[in-house]
Amino acid sequence: MTASAEARTAESTPHVRPEPWLATVLRMLVHAIGAAVAVHPLSVPEAVGAAAVGAAAGSVVGRVLARSRMRMAAILPAAGLVVLAGWLLAEVAVGSDLLAPSLGPATTLRVGEALSLGIGALGVSTALRALSSRRPAFAVLEVGIVAVAFAELVVAHRNGAINRPFDLADPIIAQGGDPTWAMIGIGTAAAFVIVLLLLSERSLLRSALHLFGVVLILFLVVGTTAMIGMPSPPETGAGLGLRSDEEQEGDRQEREGEGGGRRNNEELEFRDNYDNQANQVPLGVVLFHDDYSPPSGVYYFRQGAFSQYNGRRLVVAARGDVDRDIAASFPAAPMSIDDPPEPGADRATLDTTVALLADHNRPFALESPLSMRPQTNPDPGRFKRIYRATSAALTADFASLVGRTAGDPSWTEAQWAHYTEAPEDPRYRELADRIVHERLPEHLRDDAMAKALAITSWLGENGVYSLRSRHADEPDPTASFLFGDKTGYCVHFAHAATYMMRSIGLPARVATGYAVDESTRQGGSAVLVSGSSSHAWPETYLAGAGWVVTDVAPETVLTPPPPPPDPDLQRLLAELVRAEDLLPVDGRTPPAIASMAGEALLSAGEALLGLLLGALAFLLLGKAWRRVWPRLAPVSALPRVVYRAELDRLAELSLRRRFGETREQFAARLADIAPSFQRLTLAHVGAAFGSRRIPADLRVLAREVRRDLRRAFPWWRRAIGAINPWSWLLAR
């Protein structure tokens, strides 16, 4: 045959670039790890191992099929049939009486799972590898599946749920460890595996260099995380100025005290189309040291207050003689809060411990705090800071506050003017007067508490709660809300209530912080504070009671409420704050961390050994089959299988066809070593082009090739090649 004939043969075979043996091994490893990770949450260890071995084998089979003449239209259905065959075989094994009597029900089920997932992984991996080999663009499927497998393994850990997934987190937590490090390790392993997949098509040297660089980067990531701590949760709070430490243009103020610098941004903003996707992230946990049930059924943890009207909205007061009940900074030593309400018939003294999982501008505490002091942080890697707050919590219901006068008799005229300043728009006063006259009997129309409740109840009945609104760009967003579609969220409702109260002479302000429903305690002594708890509410001042929360509860809600916090996570964080020993629910003492680590390493070693043994068995079986098949094959297949067997022997001795070299050129290059191989090559090429004249002495030619090799190479060299299990993968 001529070179042109060889070229026509190449044209009839799909062009698949040869890959080095390291790339094949890396692909096998990636497929095995991806299958094991995907199957791990779903099945028993035996099935996980079977899936890993099946995927590794499928990676090789897919590559072989991709380099054959078999079309993808046949490869993909064949892979699907393999998956179906695995399922049927498992059903037969489990559903029949073949295995159960001898193995027992439990072992039979495990064998069925291993058969189903192992053969299924073989089919899926074969299809993926064949696709990515024929069409490199489909390699994204391999990367995507590996990434999804790792993501599904730890998806329950998202949004700060450090107690999930239970099978990974529980043993670590039980020993006082932090499961976040396990999740970082899994993420690092995922990145490492994906990089192996991406580098497997490169040369050996470039793969080694790039792999070293990736390992160095991952080491730096893990190392710096250990030094600087975990990343902070994303900012949440609906523009309430609770956590943001950015500074708006035009609102820069020098911080008083040591070092000066910038003051944290505490802007109360109106936003349209507020995105609350990160709101489920835990931001803190509050431990109650005394039993307390709020009259409203909601715990209000006040952090900031906005009482100065700037012509468009309420901002933090610039005066030093107002809002003195708001803590200016976190306690570095025991400190008292200025102008707190006095405990008495309306308020009871209550102690709480607040542990922050994220940085905040100021401390928050159950309304209304009397004092704060720092607490020892049992887990600095988890909690940003911990402090204890003593509050004068409101115990009187609203009905008992009727009859109280508004404001504090000791206030100056400037303080009164500050807390009653409102927009000049007369519609606020007109609407407030109409609400009071329509909702209150004549004897209550001058009562401060009754008027405040009338205004907030009217807003609750007529307003629509939604995080999607169109008021932020208006000159007066509150007027656009109140006298427009009445659709907005807490900032709109709080401003509207405060403006109407002020317009009829009631001292009022907007407070911000977190509002947590009492039911979330679920009988425990702690509540979890998340971004979804961030809230703004109106407050009015009553003589003898101080600032009283007069929140609005909209009856029409377009934005669905967030789900309740995870009770297990709430309990776990509370126990971490208390630094208690965490035991499993069943009370059994967990194994030591060293023992757990040893078992984990042993299991990983066993899995790796099983994978290597399975891969070795596959390679040896493949090599033996290719070596024995020429003796059993039909006559029509002899030109192909006999030639292939001798190619394998040449590959054992590092004699391989170069890239771009025709088969005839390869045989001519080996003429001095194995002259008989030229005649065998011509017979193979002729049969490939449809020649019906099949030489009867093909097996004799093969024996002559082996005789030539025995003359050219010493016995020990041939013996080393014979025991090499992967040499046949290099033959082409």
# chains A, B, ... in the order shown; residues from 1 in each chain; ligands from 1

call {"tool": "residues_around", "arguments": {"residues": "Ser391 (chain A)", "least_positions_apart": "6", "cutoff": "6 Å", "atoms": "only C-alpha atoms", "output": "list in words"}}
result
Thr349, Leu350, Ser368, Pro369 and Leu370 of chain A

call {"tool": "select_by_dssp", "arguments": {"residues": "region 413-654 of chain A", "states": "strand (DSSP E)", "output": "number ranges by chain"}}
result
A: 464-465, 487-488, 508-517, 526-530, 534-542, 546-549, 556-557

call {"tool": "residues_around", "arguments": {"residues": "region 121-125 of chain A", "least_positions_apart": "6", "cutoff": "7 Å", "atoms": "only C-alpha atoms", "output": "number ranges by chain"}}
result
A: 31, 35, 51, 54-55, 57-59, 79-80, 82-83

call {"tool": "write_last_selection", "arguments": {"atoms": "all heavy atoms", "output": "PDB file, in the first residue's frame"}}
result
ATOM      1  N   HIS A  31     -12.286  11.007  36.765  1.00  0.00           N
ATOM      2  CA  HIS A  31     -13.590  10.348  36.625  1.00  0.00           C
ATOM      3  C   HIS A  31     -13.912   9.518  37.860  1.00  0.00           C
ATOM      4  O   HIS A  31     -15.071   9.478  38.309  1.00  0.00           O
ATOM      5  CB  HIS A  31     -13.582   9.465  35.373  1.00  0.00           C
ATOM      6  CG  HIS A  31     -13.833  10.225  34.107  1.00  0.00           C
ATOM      7  ND1 HIS A  31     -14.929  10.024  33.313  1.00  0.00           N
ATOM      8  CD2 HIS A  31     -13.122  11.214  33.501  1.00  0.00           C
ATOM      9  CE1 HIS A  31     -14.890  10.838  32.266  1.00  0.00           C
ATOM     10  NE2 HIS A  31     -13.797  11.563  32.351  1.00  0.00           N
ATOM     11  N   ALA A  35     -17.098  10.384  40.301  1.00  0.00           N
ATOM     12  CA  ALA A  35     -18.155   9.397  40.533  1.00  0.00           C
ATOM     13  C   ALA A  35     -18.294   9.076  42.016  1.00  0.00           C
ATOM     14  O   ALA A  35     -19.411   8.963  42.540  1.00  0.00           O
ATOM     15  CB  ALA A  35     -17.859   8.132  39.734  1.00  0.00           C
ATOM     16  N   ALA A  51     -18.555   2.531  41.870  1.00  0.00           N
ATOM     17  CA  ALA A  51     -18.752   3.660  40.952  1.00  0.00           C
ATOM     18  C   ALA A  51     -17.414   4.262  40.546  1.00  0.00           C
ATOM     19  O   ALA A  51     -17.217   4.640  39.383  1.00  0.00           O
ATOM     20  CB  ALA A  51     -19.647   4.712  41.601  1.00  0.00           C
ATOM     21  N   GLY A  54     -15.794   1.816  38.092  1.00  0.00           N
ATOM     22  CA  GLY A  54     -16.517   1.855  36.826  1.00  0.00           C
ATOM     23  C   GLY A  54     -16.241   3.117  36.042  1.00  0.00           C
ATOM     24  O   GLY A  54     -16.061   3.082  34.818  1.00  0.00           O
ATOM     25  N   ALA A  55     -16.189   4.263  36.726  1.00  0.00           N
ATOM     26  CA  ALA A  55     -15.905   5.523  36.034  1.00  0.00           C
ATOM     27  C   ALA A  55     -14.488   5.548  35.486  1.00  0.00           C
ATOM     28  O   ALA A  55     -14.250   6.050  34.375  1.00  0.00           O
ATOM     29  CB  ALA A  55     -16.130   6.696  36.986  1.00  0.00           C
ATOM     30  N   ALA A  57     -12.721   2.949  34.550  1.00  0.00           N
ATOM     31  CA  ALA A  57     -12.704   2.078  33.378  1.00  0.00           C
ATOM     32  C   ALA A  57     -13.415   2.740  32.198  1.00  0.00           C
ATOM     33  O   ALA A  57     -12.967   2.656  31.048  1.00  0.00           O
ATOM     34  CB  ALA A  57     -13.364   0.742  33.709  1.00  0.00           C
ATOM     35  N   GLY A  58     -14.528   3.426  32.468  1.00  0.00           N
ATOM     36  CA  GLY A  58     -15.259   4.109  31.408  1.00  0.00           C
ATOM     37  C   GLY A  58     -14.437   5.189  30.751  1.00  0.00           C
ATOM     38  O   GLY A  58     -14.590   5.451  29.544  1.00  0.00           O
ATOM     39  N   SER A  59     -13.556   5.828  31.507  1.00  0.00           N
ATOM     40  CA  SER A  59     -12.694   6.848  30.925  1.00  0.00           C
ATOM     41  C   SER A  59     -11.791   6.256  29.857  1.00  0.00           C
ATOM     42  O   SER A  59     -11.588   6.856  28.788  1.00  0.00           O
ATOM     43  CB  SER A  59     -11.853   7.504  32.028  1.00  0.00           C
ATOM     44  OG  SER A  59     -10.917   8.407  31.487  1.00  0.00           O
ATOM     45  N   ALA A  79     -23.702   3.375  25.373  1.00  0.00           N
ATOM     46  CA  ALA A  79     -23.431   3.732  26.773  1.00  0.00           C
ATOM     47  C   ALA A  79     -24.722   3.736  27.577  1.00  0.00           C
ATOM     48  O   ALA A  79     -24.750   3.293  28.743  1.00  0.00           O
ATOM     49  CB  ALA A  79     -22.758   5.099  26.828  1.00  0.00           C
ATOM     50  N   GLY A  80     -25.803   4.241  26.967  1.00  0.00           N
ATOM     51  CA  GLY A  80     -27.091   4.203  27.657  1.00  0.00           C
ATOM     52  C   GLY A  80     -27.551   2.785  27.935  1.00  0.00           C
ATOM     53  O   GLY A  80     -28.111   2.494  29.005  1.00  0.00           O
ATOM     54  N   VAL A  82     -25.594   0.275  28.455  1.00  0.00           N
ATOM     55  CA  VAL A  82     -24.764  -0.221  29.559  1.00  0.00           C
ATOM     56  C   VAL A  82     -25.354   0.209  30.903  1.00  0.00           C
ATOM     57  O   VAL A  82     -25.431  -0.581  31.850  1.00  0.00           O
ATOM     58  CB  VAL A  82     -23.316   0.293  29.404  1.00  0.00           C
ATOM     59  CG1 VAL A  82     -22.502  -0.010  30.663  1.00  0.00           C
ATOM     60  CG2 VAL A  82     -22.649  -0.355  28.203  1.00  0.00           C
ATOM     61  N   VAL A  83     -25.771   1.472  30.982  1.00  0.00           N
ATOM     62  CA  VAL A  83     -26.397   1.956  32.224  1.00  0.00           C
ATOM     63  C   VAL A  83     -27.656   1.154  32.527  1.00  0.00           C
ATOM     64  O   VAL A  83     -27.889   0.725  33.670  1.00  0.00           O
ATOM     65  CB  VAL A  83     -26.721   3.455  32.108  1.00  0.00           C
ATOM     66  CG1 VAL A  83     -27.467   3.928  33.349  1.00  0.00           C
ATOM     67  CG2 VAL A  83     -25.443   4.270  31.924  1.00  0.00           C
TER      68      VAL A  83
END

call {"tool": "closest_residue", "arguments": {"among": "A:Thr498, A:Gln522, A:Thr662, A:Gln678", "to": "Glu421 (chain A)", "atoms": "only C-alpha atoms"}}
result
A:Thr498

call {"tool": "closest_residue", "arguments": {"among": "A:Thr108, A:Ala515, A:Tyr299, A:Leu29", "to": "Ser96 (chain A)", "atoms": "only C-alpha atoms"}}
result
A:Thr108

call {"tool": "atom_distance", "arguments": {"atom1": "CA of Ala674 (chain A)", "atom2": "CA of Pro725 (chain A)"}}
result
23.2 Å

call {"tool": "closest_residue", "arguments": {"among": "A:Ala305, A:Val281, A:Leu467, A:Leu314", "to": "Ala328 (chain A)", "atoms": "only C-alpha atoms"}}
result
A:Ala305

call {"tool": "residues_around", "arguments": {"residues": "Leu401 (chain A)", "least_positions_apart": "6", "cutoff": "9 Å", "atoms": "only C-alpha atoms", "output": "PyMOL selection string"}}
result
chain A and resi 346+449-450+542+545
